[in-house]
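First the structure, in the form of structure tokens, and then the observations on it.
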Amino acid sequence: QQPVQSPQAVILREGEDAVINCSSSKALYSVHWYRQKHGEAPVFLMILLKGGEQKGHEKISASFNEKKQQSSLYLTASQLSYSGTYFCGTRTGNQFYFGTGTSLTVIP
Amino acid sequence: DAGVIQSPRHEVTEMGQEVTLRCKPISGHDYLFWYRQTMMRGLELLIYFNNNVPIDDSGMPEDRFSAKMPNASFSTLKIQPSEPRDSAVYFCASSPIGGPGETQYFGPGTRLLVL
């Protein structure tokens with residue numbers, strides 16, 4: 001029931017782009033994206049609701065394909081501050097699960 | 001607003017001892033969540049409350065774990081007796097009206113080590 005994220009880890013140079021995927025085996029009502037820096041709590045990035053919407057936050061955007069039960073997070077022109085572990089969170093009914101996490105490291 | 005407050009921030013205890021973790025949610029938030037995070041299992045939802053009532057406790061690992069929310073501004077997660085495998089970071093999060101599908105604001109976490 002835990003959504004699966006891919007890739008598990010990625011290393012980027014500053015300015016490069018990345019895509020993180022989140023797949024669920026269950027029909028989804030909503031998808032959340034969070035970023036967690038080492039030793040800190042997860043911080044909310046954005047939420048996408050059923051309806052296949054797409055959202056953006058500065059140079060980070062996301063899409064939600066409810067038919068495929070998938071969401072993708074797009075990071076463009078990555079900055080050093082983007083480093084951290086990215087989690088998707090999915091809601092199915094009253095159940096809520098975090099994904100397996102993707103470690104993103106941006107190097108100069 | 002001060003954000004979600006958790007105490008203690010760090011706890012070291014011996015196997016068999018009782019451990020109580022505390023959380024103060026953001027004022028006005030109707031939902032409160034308890035999570036556990038380990039390297040092996042990632043982030044796990046243990047239990048969540050709506051208006052102080054437990055809604056889903058299916059993530060509570062076993063009877064040694066219990067959670068209460070006596071009022072809108074305070075919740076506890078208790079482990080009795082504690083075991084080394086309970087060592088983890090425990091996060092509390094709160095959310096405004098709208099349920100688990102809404103934005104969750106996390107506290108700083110309690111790092112628990114059971115020896």
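Just remember, in the structure tokens the first chain shown is A, the second B, etc., residues are 1-based per chain, and ligands are 1-based in the order shown.
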
Practice task
Could the residues of chain B within 7 Å of chain A, counting only C-alpha atoms, be given as a list in words, please?
Solution key: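 That gives the following set of residues: Gly42, Leu43, Glu44, Leu45, Pro100, Gly101, Thr103, Gln104, Phe106, Gly107, Pro108 and Gly109 of chain B.
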
Restricting it to C-alpha atoms, dump the selection as a PDB file, in the first residue's frame.
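Saved as selection21.pdb:
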```
ATOM      1  CA  GLY B  42      10.565   5.094   6.181  1.00  0.00           C
ATOM      2  CA  LEU B  43       7.715   7.303   7.367  1.00  0.00           C
ATOM      3  CA  GLU B  44       4.799   5.384   8.864  1.00  0.00           C
ATOM      4  CA  LEU B  45       1.486   6.846   9.971  1.00  0.00           C
ATOM      5  CA  PRO B 100      -5.536  13.589   5.855  1.00  0.00           C
ATOM      6  CA  GLY B 101      -5.620  14.808   2.286  1.00  0.00           C
ATOM      7  CA  THR B 103      -1.464  19.998   4.052  1.00  0.00           C
ATOM      8  CA  GLN B 104       0.259  18.635   7.114  1.00  0.00           C
ATOM      9  CA  PHE B 106       5.210  18.676  11.001  1.00  0.00           C
ATOM     10  CA  GLY B 107       6.783  19.233  14.381  1.00  0.00           C
ATOM     11  CA  PRO B 108      10.565  18.948  14.830  1.00  0.00           C
ATOM     12  CA  GLY B 109      10.306  15.334  15.977  1.00  0.00           C
TER      13      GLY B 109
END
```

Exercise for the section: Please identify all polymer residues within 6 Å of Leu115 in chain B, counting only C-alpha atoms, omitting same-chain residues fewer than 3 positions from it, and present them as a VMD selection string. Expected result: chain B and resid 14 to 15 84

Could you write those residues out with C-alpha atoms, as a PDB file, in the first residue's frame?
```pdb
ATOM      1  CA  GLU B  14      16.301   1.550  28.793  1.00  0.00           C
ATOM      2  CA  MET B  15      14.313  -1.382  27.521  1.00  0.00           C
ATOM      3  CA  PRO B  84      15.082  -1.375  21.275  1.00  0.00           C
TER       4      PRO B  84
END
```

Exercise for the section: May I ask for the distance between CA of Asp57 in chain B and CA of Gln70 in chain A, given in Å to one decimal place? Expected result: 26.2 Å

Practice task
Please provide as a VMD selection string all residues within 10 Å of Gln6 in chain B, with the sequence filter that same-chain residues fewer than 6 positions apart are discarded (counting only C-alpha atoms).
Solution key: chain B and resid 21 to 25 74 to 76 90 to 93 106 to 110

Exercise for the section: Extract the full set of strand (DSSP E or B) residues from range 28-107 of chain A according to DSSP on the backbone, and format it as a VMD selection string. Expected result: chain A and resid 30 to 36 43 to 49 54 to 57 60 to 65 70 to 75 84 to 92 95 to 98 102 to 107

Surrounding residues of His38 in chain A excluding itself and chain neighbours under 5 positions, 10 Å, only C-alpha atoms, as a PDB file with N, CA, C and O atoms, in the first residue's frame:
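And here's result.pdb as it stands now:
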```
ATOM      1  N   SER A  83      18.599  20.033  -2.381  1.00  0.00           N
ATOM      2  CA  SER A  83      19.063  18.751  -1.834  1.00  0.00           C
ATOM      3  C   SER A  83      18.202  18.324  -0.656  1.00  0.00           C
ATOM      4  O   SER A  83      17.806  19.144   0.176  1.00  0.00           O
ATOM      5  N   GLY A  84      17.929  17.031  -0.598  1.00  0.00           N
ATOM      6  CA  GLY A  84      17.121  16.488   0.489  1.00  0.00           C
ATOM      7  C   GLY A  84      16.440  15.219   0.017  1.00  0.00           C
ATOM      8  O   GLY A  84      16.698  14.736  -1.088  1.00  0.00           O
ATOM      9  N   THR A  85      15.574  14.701   0.857  1.00  0.00           N
ATOM     10  CA  THR A  85      14.803  13.524   0.485  1.00  0.00           C
ATOM     11  C   THR A  85      13.372  13.961   0.189  1.00  0.00           C
ATOM     12  O   THR A  85      12.756  14.655   0.991  1.00  0.00           O
TER      13      THR A  85
END
```

Problem - Between CA of Gln1 in chain A and CA of Gln37 in chain B, distance in Å (one decimal) - result: 16.7 Å
